[in-house]
$ cat work-v1.csv   # CSV, C-alpha atoms
chain,number,residue,atom,x,y,z
S,1,MET,CA,54.9,-117.5,-34.4
S,2,PRO,CA,56.8,-114.2,-35.1
S,3,LEU,CA,57.2,-112.0,-32.1
S,4,ARG,CA,55.4,-109.0,-33.8
S,5,ARG,CA,52.4,-111.2,-34.6
S,6,ALA,CA,52.3,-112.7,-31.1
S,7,VAL,CA,52.4,-109.3,-29.5
S,8,ALA,CA,49.7,-107.9,-31.8
S,9,ASP,CA,47.4,-110.9,-31.0
S,10,LEU,CA,47.8,-110.2,-27.2
S,11,ASN,CA,47.1,-106.5,-27.8
S,12,TRP,CA,43.7,-107.5,-29.1
S,13,SER,CA,43.2,-110.0,-26.3
S,14,TYR,CA,43.7,-107.2,-23.8
S,15,ALA,CA,41.3,-104.9,-25.6
S,16,LEU,CA,38.6,-107.6,-25.8
S,17,VAL,CA,38.9,-108.4,-22.1
S,18,GLY,CA,38.6,-104.6,-21.3
S,19,ILE,CA,35.5,-104.3,-23.5
S,20,ALA,CA,33.8,-107.3,-21.9
S,21,ASP,CA,34.7,-106.4,-18.3
S,22,GLY,CA,33.5,-102.8,-18.8
S,23,THR,CA,30.0,-103.9,-19.3
S,24,LEU,CA,29.7,-105.7,-16.0
S,25,LEU,CA,32.3,-105.4,-13.3
S,26,THR,CA,31.8,-101.7,-12.4
S,27,PHE,CA,28.1,-102.2,-12.2
S,28,VAL,CA,28.0,-105.3,-10.0
S,29,PRO,CA,27.4,-103.4,-6.7
S,30,LEU,CA,24.6,-101.4,-8.4
S,31,PHE,CA,23.2,-104.6,-10.0
S,32,LEU,CA,23.1,-106.3,-6.5
S,33,PHE,CA,21.6,-103.1,-4.9
S,34,ARG,CA,18.8,-103.1,-7.5
S,35,ARG,CA,18.2,-106.8,-6.7
S,36,GLY,CA,17.5,-106.0,-3.0
S,37,PHE,CA,21.0,-106.4,-1.4
S,38,ASP,CA,22.0,-104.0,1.3
S,39,PRO,CA,25.6,-102.7,1.5
S,40,SER,CA,26.7,-105.3,4.1
S,41,LEU,CA,25.3,-108.1,2.0
S,42,ILE,CA,26.9,-106.7,-1.1
S,43,GLY,CA,30.2,-106.7,0.8
S,44,VAL,CA,29.7,-110.4,1.7
S,45,VAL,CA,29.0,-111.4,-1.9
S,46,LEU,CA,32.0,-109.4,-3.2
S,47,ALA,CA,34.2,-110.9,-0.5
S,48,ALA,CA,33.1,-114.5,-1.4
S,49,SER,CA,33.7,-113.7,-5.1
S,50,ALA,CA,37.2,-112.5,-4.3
S,51,ALA,CA,37.9,-115.7,-2.3
S,52,GLY,CA,36.7,-117.9,-5.1
S,53,SER,CA,38.8,-116.0,-7.6
S,54,LEU,CA,41.9,-116.3,-5.3
S,55,ILE,CA,41.7,-120.1,-5.1
S,56,ALA,CA,40.9,-120.6,-8.7
S,57,GLY,CA,43.5,-118.2,-10.0
S,58,LEU,CA,46.3,-119.8,-7.9
S,59,GLY,CA,45.3,-123.3,-9.0
S,60,TRP,CA,45.3,-122.5,-12.7
S,61,SER,CA,48.5,-120.5,-12.5
S,62,TYR,CA,50.2,-123.4,-10.8
S,63,LEU,CA,49.2,-125.7,-13.7
S,64,ALA,CA,50.3,-123.0,-16.2
S,65,ASP,CA,53.8,-123.1,-14.8
S,66,ARG,CA,54.0,-126.9,-15.0
S,67,SER,CA,51.7,-128.7,-17.4
S,68,VAL,CA,48.9,-126.8,-19.1
S,69,ARG,CA,49.3,-124.1,-21.6
S,70,PRO,CA,47.8,-120.8,-20.4
S,71,GLU,CA,46.2,-120.3,-23.9
S,72,ARG,CA,44.1,-123.4,-23.3
S,73,ILE,CA,43.1,-122.2,-19.9
S,74,LEU,CA,42.0,-118.8,-21.2
S,75,ILE,CA,39.8,-120.4,-23.9
S,76,GLY,CA,38.0,-122.6,-21.3
S,77,SER,CA,37.7,-119.7,-18.9
S,78,SER,CA,36.1,-117.4,-21.3
S,79,ALA,CA,33.5,-120.0,-22.3
S,80,ALA,CA,32.7,-120.7,-18.7
S,81,ALA,CA,32.4,-116.9,-17.9
S,82,ALA,CA,29.9,-116.5,-20.8
S,83,VAL,CA,27.8,-119.4,-19.5
S,84,VAL,CA,27.8,-118.2,-15.9
S,85,ALA,CA,26.8,-114.7,-17.0
S,86,LEU,CA,23.7,-116.1,-18.5
S,87,LEU,CA,23.0,-118.0,-15.3
S,88,ILE,CA,23.2,-114.6,-13.4
S,89,ALA,CA,20.6,-113.1,-15.8
S,90,ALA,CA,18.3,-116.1,-15.2
S,91,ALA,CA,18.8,-116.3,-11.4
S,92,ARG,CA,15.9,-115.6,-9.1
S,93,GLY,CA,16.2,-114.8,-5.5
S,94,THR,CA,19.1,-113.3,-3.6
S,95,ASP,CA,20.7,-116.7,-2.8
S,96,ALA,CA,20.8,-117.8,-6.5
S,97,VAL,CA,22.1,-114.4,-7.6
S,98,ALA,CA,24.9,-114.4,-5.0
S,99,VAL,CA,26.0,-117.9,-5.9
S,100,ALA,CA,26.1,-117.0,-9.6
S,101,ILE,CA,28.1,-113.9,-9.0
S,102,VAL,CA,30.7,-115.9,-7.0
S,103,ALA,CA,30.8,-118.5,-9.8
S,104,LEU,CA,31.5,-115.8,-12.4
S,105,TRP,CA,34.5,-114.6,-10.4
S,106,VAL,CA,35.8,-118.2,-10.3
S,107,ALA,CA,35.2,-118.7,-14.0
S,108,ARG,CA,37.1,-115.5,-15.0
S,109,ALA,CA,40.0,-115.9,-12.6
S,110,PRO,CA,42.4,-117.3,-15.2
S,111,PHE,CA,42.2,-114.0,-17.2
S,112,MET,CA,45.1,-113.0,-15.0
S,113,LEU,CA,47.3,-115.3,-17.1
S,114,LEU,CA,47.4,-112.7,-19.8
S,115,ASP,CA,50.2,-110.8,-18.0
S,116,PRO,CA,52.7,-113.7,-17.7
S,117,MET,CA,51.9,-114.6,-21.3
S,118,ALA,CA,52.7,-111.0,-22.3
S,119,LEU,CA,56.0,-110.9,-20.3
S,120,ARG,CA,57.0,-114.2,-21.8
S,121,ARG,CA,56.6,-112.9,-25.3
S,122,LEU,CA,58.5,-109.7,-24.4
S,123,GLU,CA,61.4,-111.5,-22.8
S,124,GLY,CA,64.6,-110.4,-24.5
S,125,THR,CA,62.9,-107.3,-26.0
S,126,GLY,CA,62.3,-105.2,-22.9
S,127,ARG,CA,59.5,-105.6,-20.4
S,128,ALA,CA,59.0,-101.8,-20.5
S,129,ARG,CA,56.8,-102.4,-23.5
S,130,TYR,CA,54.3,-104.2,-21.2
S,131,GLY,CA,52.6,-100.9,-20.2
S,132,ARG,CA,51.8,-100.2,-23.9
S,133,MET,CA,50.2,-103.6,-24.2
S,134,ARG,CA,48.2,-103.3,-21.0
S,135,LEU,CA,46.8,-99.9,-22.0
S,136,ARG,CA,44.6,-101.7,-24.6
S,137,MET,CA,42.6,-103.1,-21.8
S,138,SER,CA,42.0,-99.7,-20.4
S,139,ALA,CA,41.1,-98.4,-23.8
S,140,GLY,CA,38.5,-101.1,-24.3
S,141,TRP,CA,37.2,-100.5,-20.8
S,142,ALA,CA,36.9,-96.7,-21.4
S,143,VAL,CA,34.7,-97.2,-24.5
S,144,SER,CA,32.7,-100.1,-23.1
S,145,VAL,CA,31.8,-98.8,-19.7
S,146,VAL,CA,30.4,-95.5,-20.9
S,147,ALA,CA,28.3,-97.1,-23.6
S,148,ALA,CA,27.1,-99.7,-21.1
S,149,GLY,CA,26.3,-97.1,-18.5
S,150,ALA,CA,24.2,-95.1,-21.0
S,151,LEU,CA,22.4,-98.3,-22.0
S,152,TYR,CA,21.6,-99.3,-18.4
S,153,GLN,CA,20.4,-95.7,-17.6
S,154,VAL,CA,17.7,-96.2,-20.2
S,155,LEU,CA,17.0,-100.0,-20.0
S,156,GLY,CA,18.2,-100.9,-16.5
S,157,VAL,CA,21.3,-102.5,-15.1
S,158,GLN,CA,19.7,-105.9,-15.2
S,159,LEU,CA,20.8,-106.0,-18.8
S,160,ALA,CA,24.5,-106.3,-17.8
S,161,PRO,CA,24.8,-110.1,-17.7
S,162,TRP,CA,23.2,-110.4,-21.1
S,163,LEU,CA,25.7,-108.0,-22.6
S,164,TYR,CA,28.7,-109.5,-20.9
S,165,ALA,CA,28.1,-113.1,-22.0
S,166,PRO,CA,28.6,-112.7,-25.8
S,167,LEU,CA,31.6,-110.4,-25.3
S,168,ALA,CA,33.3,-112.9,-23.0
S,169,ALA,CA,32.7,-115.6,-25.6
S,170,LEU,CA,34.2,-113.3,-28.3
S,171,PHE,CA,37.4,-113.0,-26.3
S,172,GLY,CA,37.5,-116.8,-26.1
S,173,LEU,CA,37.0,-117.1,-29.9
S,174,TRP,CA,39.8,-114.6,-30.6
S,175,THR,CA,42.1,-116.4,-28.3
S,176,TRP,CA,41.4,-119.7,-30.0
S,177,ARG,CA,41.7,-118.2,-33.5
S,178,SER,CA,44.9,-116.1,-32.9
S,179,LEU,CA,46.8,-118.5,-30.8
S,180,ARG,CA,46.0,-121.9,-32.3
S,181,ARG,CA,49.3,-122.1,-34.1
S,182,SER,CA,51.0,-121.6,-30.7
S,183,LEU,CA,48.8,-124.3,-29.2
S,184,ALA,CA,49.8,-126.7,-32.0
S,185,ALA,CA,53.5,-126.3,-31.1
S,186,PRO,CA,55.0,-128.7,-28.5
S,187,ALA,CA,54.8,-127.3,-25.0
S,188,THR,CA,57.9,-126.3,-23.2
S,189,ILE,CA,57.6,-127.7,-19.7
S,190,PRO,CA,60.3,-127.0,-17.2
S,191,PRO,CA,62.3,-130.1,-16.3
S,192,PRO,CA,61.7,-131.4,-12.8
S,193,THR,CA,63.9,-130.0,-10.1
S,194,THR,CA,66.6,-132.2,-8.7
S,195,THR,CA,66.5,-130.7,-5.2
S,196,ARG,CA,64.7,-132.3,-2.4
S,197,ARG,CA,62.8,-129.2,-1.5
S,198,PRO,CA,61.1,-126.8,-3.9
S,199,GLU,CA,62.6,-123.4,-4.2
S,200,ARG,CA,61.0,-121.0,-1.8
S,201,LEU,CA,59.6,-117.6,-2.8
S,202,PRO,CA,62.0,-114.8,-2.0
S,203,ILE,CA,61.5,-112.9,1.2
S,204,ALA,CA,61.3,-109.7,-0.7
S,205,LEU,CA,58.3,-111.0,-2.8
S,206,LEU,CA,56.5,-112.1,0.4
S,207,GLY,CA,57.0,-108.6,1.8
S,208,PHE,CA,55.7,-107.1,-1.4
S,209,LEU,CA,52.6,-109.3,-1.1
S,210,ALA,CA,51.9,-107.7,2.3
S,211,SER,CA,52.1,-104.3,0.6
S,212,VAL,CA,49.7,-105.2,-2.3
S,213,PHE,CA,47.3,-106.8,0.3
S,214,LEU,CA,46.9,-103.5,2.1
S,215,LEU,CA,46.6,-101.6,-1.1
S,216,GLY,CA,44.0,-104.0,-2.5
S,217,ALA,CA,41.9,-103.9,0.6
S,218,ALA,CA,41.7,-100.2,0.5
S,219,MET,CA,40.9,-100.2,-3.2
S,220,ALA,CA,38.1,-102.7,-2.8
S,221,ALA,CA,36.6,-100.8,0.2
S,222,THR,CA,36.5,-97.5,-1.7
S,223,GLN,CA,36.0,-98.5,-5.4
S,224,ASN,CA,33.0,-100.9,-4.8
S,225,PHE,CA,31.1,-98.6,-2.5
S,226,LEU,CA,31.9,-95.4,-4.5
S,227,THR,CA,29.4,-96.8,-7.0
S,228,LEU,CA,26.7,-96.8,-4.3
S,229,GLN,CA,27.9,-93.4,-3.1
S,230,ILE,CA,27.4,-91.9,-6.5
S,231,ASP,CA,24.0,-93.4,-6.7
S,232,VAL,CA,23.0,-92.2,-3.2
S,233,LEU,CA,24.2,-88.6,-4.1
S,234,GLY,CA,21.8,-88.6,-7.0
S,235,GLY,CA,23.8,-90.0,-9.9
S,236,GLY,CA,22.7,-93.0,-11.9
S,237,ALA,CA,24.1,-95.8,-14.0
S,238,LEU,CA,25.3,-93.4,-16.7
S,239,LEU,CA,27.4,-91.4,-14.2
S,240,VAL,CA,28.8,-94.6,-12.7
S,241,GLY,CA,29.9,-95.7,-16.1
S,242,ALA,CA,31.3,-92.3,-16.9
S,243,ALA,CA,33.3,-92.4,-13.6
S,244,ALA,CA,34.9,-95.7,-14.6
S,245,SER,CA,35.6,-94.3,-18.1
S,246,PHE,CA,37.3,-91.2,-16.6
S,247,GLN,CA,39.7,-93.6,-14.8
S,248,ALA,CA,40.5,-95.5,-18.0
S,249,LEU,CA,41.1,-92.2,-19.9
S,250,THR,CA,44.0,-91.3,-17.7
S,251,GLU,CA,45.2,-94.9,-17.3
S,252,ILE,CA,45.9,-95.1,-21.1
S,253,PRO,CA,48.4,-92.3,-21.5
S,254,THR,CA,50.0,-93.1,-18.1
S,255,MET,CA,50.6,-96.7,-19.1
S,256,GLY,CA,51.8,-95.6,-22.5
S,257,TYR,CA,54.6,-93.5,-21.0
S,258,MET,CA,55.5,-95.8,-18.2
S,259,HIS,CA,58.6,-97.0,-20.2
S,260,LEU,CA,59.9,-93.4,-20.1
S,261,LEU,CA,59.2,-92.9,-16.4
S,262,THR,CA,61.0,-96.1,-15.5
S,263,LYS,CA,64.2,-94.7,-17.1
S,264,ARG,CA,64.2,-92.0,-14.4
S,265,VAL,CA,62.8,-93.7,-11.3
S,266,SER,CA,62.5,-97.3,-10.0
S,267,HIS,CA,59.4,-99.4,-10.1
S,268,LYS,CA,59.1,-99.4,-6.4
S,269,THR,CA,59.2,-95.6,-6.4
S,270,LEU,CA,56.4,-95.5,-8.9
S,271,PHE,CA,54.4,-97.9,-6.8
S,272,ALA,CA,54.8,-95.7,-3.8
S,273,VAL,CA,53.8,-92.6,-5.8
S,274,GLY,CA,50.7,-94.5,-6.9
S,275,CYS,CA,49.9,-95.1,-3.3
S,276,ALA,CA,50.3,-91.5,-2.4
S,277,THR,CA,48.0,-90.5,-5.3
S,278,TYR,CA,45.3,-92.9,-3.9
S,279,MET,CA,45.7,-91.2,-0.5
S,280,ALA,CA,44.9,-87.8,-2.0
S,281,MET,CA,42.0,-89.2,-3.9
S,282,PHE,CA,40.5,-90.9,-0.8
S,283,LEU,CA,40.8,-87.6,1.1
S,284,ALA,CA,38.9,-85.8,-1.6
S,285,TRP,CA,36.1,-88.4,-1.8
S,286,ALA,CA,35.7,-88.2,2.0
S,287,PHE,CA,34.4,-84.6,1.7
S,288,VAL,CA,32.8,-84.3,-1.7
S,289,SER,CA,29.0,-84.1,-1.8
S,290,ASP,CA,28.3,-83.8,-5.5
S,291,PRO,CA,28.1,-87.0,-7.6
S,292,PHE,CA,29.6,-85.5,-10.7
S,293,ALA,CA,32.6,-84.2,-8.6
S,294,ALA,CA,33.0,-87.7,-7.1
S,295,ALA,CA,33.0,-89.1,-10.7
S,296,LEU,CA,35.6,-86.5,-11.9
S,297,ILE,CA,38.0,-87.6,-9.2
S,298,LYS,CA,38.3,-90.9,-11.0
S,299,LEU,CA,40.6,-89.1,-13.4
S,300,VAL,CA,43.2,-89.2,-10.6
S,301,ALA,CA,42.4,-92.9,-10.0
S,302,GLY,CA,43.6,-93.7,-13.5
S,303,VAL,CA,47.0,-92.3,-12.9
S,304,ALA,CA,47.3,-94.0,-9.5
S,305,PHE,CA,46.1,-97.4,-10.9
S,306,ALA,CA,48.5,-97.3,-13.8
S,307,PHE,CA,51.4,-96.6,-11.5
S,308,VAL,CA,50.6,-99.4,-9.0
S,309,TYR,CA,49.4,-102.0,-11.5
S,310,VAL,CA,52.2,-101.8,-14.1
S,311,SER,CA,54.9,-101.5,-11.4
S,312,SER,CA,53.6,-104.4,-9.4
S,313,VAL,CA,53.6,-106.7,-12.5
S,314,ILE,CA,57.3,-105.8,-13.2
S,315,ILE,CA,58.3,-106.0,-9.6
S,316,ALA,CA,56.7,-109.5,-9.3
S,317,ASP,CA,58.6,-110.6,-12.5
S,318,GLU,CA,61.9,-109.2,-11.1
S,319,LEU,CA,61.5,-110.8,-7.7
S,320,SER,CA,60.3,-114.3,-8.8
S,321,PRO,CA,62.4,-117.4,-9.7
S,322,SER,CA,62.4,-117.9,-13.5
S,323,HIS,CA,60.4,-121.1,-13.3
S,324,LEU,CA,57.6,-119.6,-11.1
S,325,ARG,CA,56.8,-116.5,-13.0
S,326,ALA,CA,53.2,-117.3,-13.7
S,327,THR,CA,52.7,-118.4,-10.1
S,328,SER,CA,54.3,-115.2,-8.8
S,329,GLN,CA,52.1,-113.1,-11.0
S,330,ALA,CA,49.1,-115.0,-9.8
S,331,LEU,CA,50.1,-114.5,-6.2
S,332,VAL,CA,50.4,-110.8,-6.6
S,333,LYS,CA,47.1,-110.5,-8.4
S,334,SER,CA,45.3,-112.9,-6.2
S,335,VAL,CA,46.4,-111.1,-3.1
S,336,MET,CA,45.6,-107.6,-4.6
S,337,PHE,CA,42.4,-108.5,-6.4
S,338,GLY,CA,41.4,-111.7,-4.5
S,339,LEU,CA,42.5,-112.0,-0.9
S,340,ALA,CA,42.6,-108.3,-0.1
S,341,PRO,CA,39.1,-107.6,-1.5
S,342,ILE,CA,37.7,-110.2,0.9
S,343,VAL,CA,38.7,-108.0,3.8
S,344,GLY,CA,38.2,-104.7,2.0
S,345,ALA,CA,34.7,-105.6,0.8
S,346,LEU,CA,33.6,-107.0,4.2
S,347,LEU,CA,35.0,-104.1,6.2
S,348,GLY,CA,34.1,-101.5,3.6
S,349,GLY,CA,30.4,-102.6,3.6
S,350,LEU,CA,30.3,-102.6,7.4
S,351,VAL,CA,31.9,-99.2,7.8
S,352,TYR,CA,29.8,-97.7,5.0
S,353,GLN,CA,26.6,-98.9,6.5
S,354,ASN,CA,27.3,-98.2,10.2
S,355,PHE,CA,29.6,-95.1,10.1
S,356,GLY,CA,29.1,-93.6,6.6
S,357,ALA,CA,31.2,-93.1,3.5
S,358,ARG,CA,33.5,-90.5,5.1
S,359,ALA,CA,34.8,-92.8,7.7
S,360,MET,CA,35.5,-95.5,5.1
S,361,PHE,CA,37.5,-93.2,2.9
S,362,LEU,CA,39.5,-91.7,5.7
S,363,GLY,CA,40.4,-95.1,7.2
S,364,SER,CA,41.6,-96.2,3.8
S,365,ILE,CA,44.2,-93.5,3.7
S,366,ALA,CA,46.1,-95.0,6.6
S,367,VAL,CA,46.0,-98.4,5.0
S,368,VAL,CA,47.4,-97.2,1.7
S,369,CYS,CA,50.1,-95.2,3.5
S,370,ALA,CA,51.3,-98.4,5.1
S,371,ALA,CA,51.3,-100.2,1.7
S,372,GLY,CA,53.6,-97.7,0.1
S,373,ALA,CA,56.0,-97.6,3.0
S,374,ILE,CA,56.3,-101.5,3.0
S,375,ALA,CA,57.0,-101.5,-0.7
S,376,LEU,CA,59.8,-99.0,-0.4
S,377,ALA,CA,61.3,-101.0,2.5
S,378,VAL,CA,61.3,-104.5,1.0
S,379,VAL,CA,61.7,-104.2,-2.7
S,380,ARG,CA,65.3,-104.1,-3.9
S,381,PRO,CA,66.5,-103.5,-7.5
S,382,PRO,CA,67.4,-106.8,-9.3
S,383,ALA,CA,71.1,-107.6,-9.2
S,384,PRO,CA,72.9,-106.8,-12.4
S,385,ALA,CA,73.9,-109.7,-14.5
S,386,VAL,CA,77.5,-110.8,-14.0
S,387,ALA,CA,79.4,-111.4,-17.2
S,388,VAL,CA,81.4,-114.6,-17.3
S,389,MET,CA,84.9,-113.9,-18.6
S,390,GLU,CA,86.9,-116.5,-20.4
S,391,PRO,CA,90.3,-117.1,-18.7
S,392,ALA,CA,93.1,-115.4,-20.6
S,393,PRO,CA,95.5,-117.7,-22.3
S,394,ALA,CA,98.7,-118.4,-20.3
S,395,GLU,CA,101.7,-116.5,-21.5
S,396,THR,CA,104.5,-118.6,-22.9
$ encode --input "work-v1.csv" --output "structure tokens"
Amino acid sequence: MPLRRAVADLNWSYALVGIADGTLLTFVPLFLFRRGFDPSLIGVVLAASAAGSLIAGLGWSYLADRSVRPERILIGSSAAAAVVALLIAAARGTDAVAVAIVALWVARAPFMLLDPMALRRLEGTGRARYGRMRLRMSAGWAVSVVAAGALYQVLGVQLAPWLYAPLAALFGLWTWRSLRRSLAAPATIPPPTTTRRPERLPIALLGFLASVFLLGAAMAATQNFLTLQIDVLGGGALLVGAAASFQALTEIPTMGYMHLLTKRVSHKTLFAVGCATYMAMFLAWAFVSDPFAAALIKLVAGVAFAFVYVSSVIIADELSPSHLRATSQALVKSVMFGLAPIVGALLGGLVYQNFGARAMFLGSIAVVCAAGAIALAVVRPPAPAVAVMEPAPAET
């Protein structure tokens, strides 16, 4: 498949995932709140969902690096997500709803394989183009989340699973249609290693995992319960959706220009700048009392998220062994969006319910500060390629 066609297909895949996710993910805390869950219980459900996504994502990424094409995994995952969304809509009682929400996170965990697929297609042409691919997801999200929020404001947030199911199925159908020629080609599976022990992950990557863990915990604690805070301050589903759209609106141009920023500063510096931006945003949220003002601050979140997300993808690719790139990407995303939210959702729910939103936002500032400092300390620029020179012919 020509490179241009393969990249265009993935551009649409990113857009379709953003459109589907925008109809549901932002509204899950509000959906659970309307179903009778208190903040602590919402935190438990979100933490369990993150744990399931972590385990499933790592397992599928391991297989994608060794034996199963990621395109096949994505097709099956999208079909499973559509089915589980319908189960959420039909569930009755808090136990059934909680189990179905966790199952949805497990089903959609392989969506993270889009990033290693994109980097593989960009190999040799410059990974700086990745940001311009990823912004399609933000664009799809921006349109979808506002339209969904307006719809839920009128008809109720219980409609969310019914809207998500066909859109997840559409993503799967697109993946099958656009990538079937790639699926028909023989798979390239790395040859088995001849060493007795598998190559270990670099120490720098492990240190970076600690950094993204702290960042992900703070993001989960603040983002999930900001939805409730907007609702408590008098906003509704429309304002919740608008807040998520504000973030996407600033993500799009920031990701589009990341390839220019990386010519001037390193990826680890951009990651640290993103952490500093989150700190300023959390400080503002701690003292704002107007729901519209809280939503507007999400414009800053878009810049911060673009910095930390794009830079973390490139950092993971730079630090990982060549035959473990999907696994390394899965580790970073599973830690940031899987393991860290377990802690962030649980502690965020407890702090929010017992000490209030201000204490939760202020505590998150210290956590993100530590995340940025660790990234600056452990990430080193990749060693430049060493040219192999042919020996000069001996003089006669």
$ closest_residue --input "work-v1.csv" --among "S:Phe31, S:Phe37, S:Trp162, S:Trp174" --to "S:Asn11" --atoms "all atoms listed in the file"
S:Trp174
$ closest_residue --input "work-v1.csv" --among "S:Leu114, S:Gly302, S:Ile230, S:Gly235" --to "S:Tyr278" --atoms "only C-alpha atoms"
S:Gly302
$ residues_around --input "work-v1.csv" --residues "S:Leu173" --least-positions-apart "6" --cutoff "12 Å" --atoms "only C-alpha atoms" --output "list in words"
Trp12, Ser13, Leu16, Val17, Glu71, Arg72, Leu74, Ile75, Gly76, Ser77, Ser78, Ala79, Ala82, Pro166, Leu167, Leu179 and Arg180 of chain S
$ closest_residue --input "work-v1.csv" --among "S:Ala85, S:Leu283, S:Val143, S:Ile315" --to "S:Leu376" --atoms "only C-alpha atoms"
S:Ile315
$ residues_around --input "work-v1.csv" --residues "S:Ala242" --least-positions-apart "2" --cutoff "12 Å" --atoms "all atoms listed in the file" --output "MDAnalysis selection string"
chainID S and resid 22:23 26:27 141:151 153 227 230 235:240 244:249 291:299
$ atom_distance --input "work-v1.csv" --atom1 "atom CA of S:Pro161" --atom2 "atom CA of S:Gln229"
22.4 Å
$ closest_residue --input "work-v1.csv" --among "S:Met137, S:Ala373, S:Met117, S:Ala204" --to "S:Leu319" --atoms "all atoms listed in the file"
S:Ala204
$ closest_residue --input "work-v1.csv" --among "S:Ala48, S:Ala301, S:Met133, S:Ala139" --to "S:Ile101" --atoms "all atoms listed in the file"
S:Ala48
$ closest_residue --input "work-v1.csv" --among "S:Ala15, S:Ala168, S:Thr222, S:Gly36" --to "S:Tyr352" --atoms "only C-alpha atoms"
S:Thr222
$ atom_distance --input "work-v1.csv" --atom1 "atom CA of S:Arg264" --atom2 "atom CA of S:Val310"
15.5 Å
$ atom_distance --input "work-v1.csv" --atom1 "atom CA of S:Leu87" --atom2 "atom CA of S:Ala100"
6.6 Å
$ residues_around --input "work-v1.csv" --residues "S:Ala284" --least-positions-apart "2" --cutoff "10 Å" --atoms "only C-alpha atoms" --output "CSV table (one decimal) with C-alpha atoms, keeping the file's coordinate frame"
chain,number,residue,atom,x,y,z
S,278,TYR,CA,45.3,-92.9,-3.9
S,279,MET,CA,45.7,-91.2,-0.5
S,280,ALA,CA,44.9,-87.8,-2.0
S,281,MET,CA,42.0,-89.2,-3.9
S,282,PHE,CA,40.5,-90.9,-0.8
S,286,ALA,CA,35.7,-88.2,2.0
S,287,PHE,CA,34.4,-84.6,1.7
S,288,VAL,CA,32.8,-84.3,-1.7
S,293,ALA,CA,32.6,-84.2,-8.6
S,294,ALA,CA,33.0,-87.7,-7.1
S,297,ILE,CA,38.0,-87.6,-9.2
S,358,ARG,CA,33.5,-90.5,5.1
S,361,PHE,CA,37.5,-93.2,2.9
S,362,LEU,CA,39.5,-91.7,5.7
$ residues_around --input "work-v1.csv" --residues "S:Ala109" --least-positions-apart "4" --cutoff "8 Å" --atoms "all atoms listed in the file" --output "list in words"
Ser53, Leu54, Ala56, Gly57, Ser77 and Trp105 of chain S
$ write_last_selection --input "work-v1.csv" --atoms "C-alpha atoms" --output "PDB file, keeping the file's coordinate frame"
ATOM      1  CA  SER S  53      38.800-116.000  -7.600  1.00  0.00           C
ATOM      2  CA  LEU S  54      41.900-116.300  -5.300  1.00  0.00           C
ATOM      3  CA  ALA S  56      40.900-120.600  -8.700  1.00  0.00           C
ATOM      4  CA  GLY S  57      43.500-118.200 -10.000  1.00  0.00           C
ATOM      5  CA  SER S  77      37.700-119.700 -18.900  1.00  0.00           C
ATOM      6  CA  TRP S 105      34.500-114.600 -10.400  1.00  0.00           C
TER       7      TRP S 105
END
$ residues_around --input "work-v1.csv" --residues "S:Gly349" --least-positions-apart "6" --cutoff "6 Å" --atoms "all atoms listed in the file" --output "list of chain:residue names"
S:Pro39, S:Ser40, S:Gly43
$ build_atoms --input "work-v1.csv" --residues "stretch 347-357 of chain S" --atoms "N, CA and C atoms" --output "short mmCIF file (atom, residue, chain, number, x, y, z; two decimals), keeping the file's coordinate frame"
data_model
loop_
_atom_site.label_atom_id
_atom_site.label_comp_id
_atom_site.auth_asym_id
_atom_site.auth_seq_id
_atom_site.Cartn_x
_atom_site.Cartn_y
_atom_site.Cartn_z
N LEU S 347 34.85 -105.25 5.35
CA LEU S 347 35.00 -104.10 6.20
C LEU S 347 34.42 -102.84 5.62
N GLY S 348 34.62 -102.69 4.30
CA GLY S 348 34.10 -101.50 3.60
C GLY S 348 32.56 -101.45 3.74
N GLY S 349 31.90 -102.59 3.53
CA GLY S 349 30.40 -102.60 3.60
C GLY S 349 29.96 -102.32 5.05
N LEU S 350 30.66 -102.88 6.04
CA LEU S 350 30.30 -102.60 7.40
C LEU S 350 30.47 -101.19 7.84
N VAL S 351 31.64 -100.63 7.48
CA VAL S 351 31.90 -99.20 7.80
C VAL S 351 30.97 -98.30 7.10
N TYR S 352 30.73 -98.56 5.83
CA TYR S 352 29.80 -97.70 5.00
C TYR S 352 28.43 -97.71 5.63
N GLN S 353 27.94 -98.86 6.01
CA GLN S 353 26.60 -98.90 6.50
C GLN S 353 26.43 -98.36 7.92
N ASN S 354 27.45 -98.54 8.77
CA ASN S 354 27.30 -98.20 10.20
C ASN S 354 27.92 -96.78 10.50
N PHE S 355 28.94 -96.36 9.74
CA PHE S 355 29.60 -95.10 10.10
C PHE S 355 29.61 -94.10 8.91
N GLY S 356 29.23 -94.55 7.72
CA GLY S 356 29.10 -93.60 6.60
C GLY S 356 30.35 -93.69 5.68
N ALA S 357 30.20 -93.06 4.52
CA ALA S 357 31.20 -93.10 3.50
C ALA S 357 32.50 -92.37 3.94
#
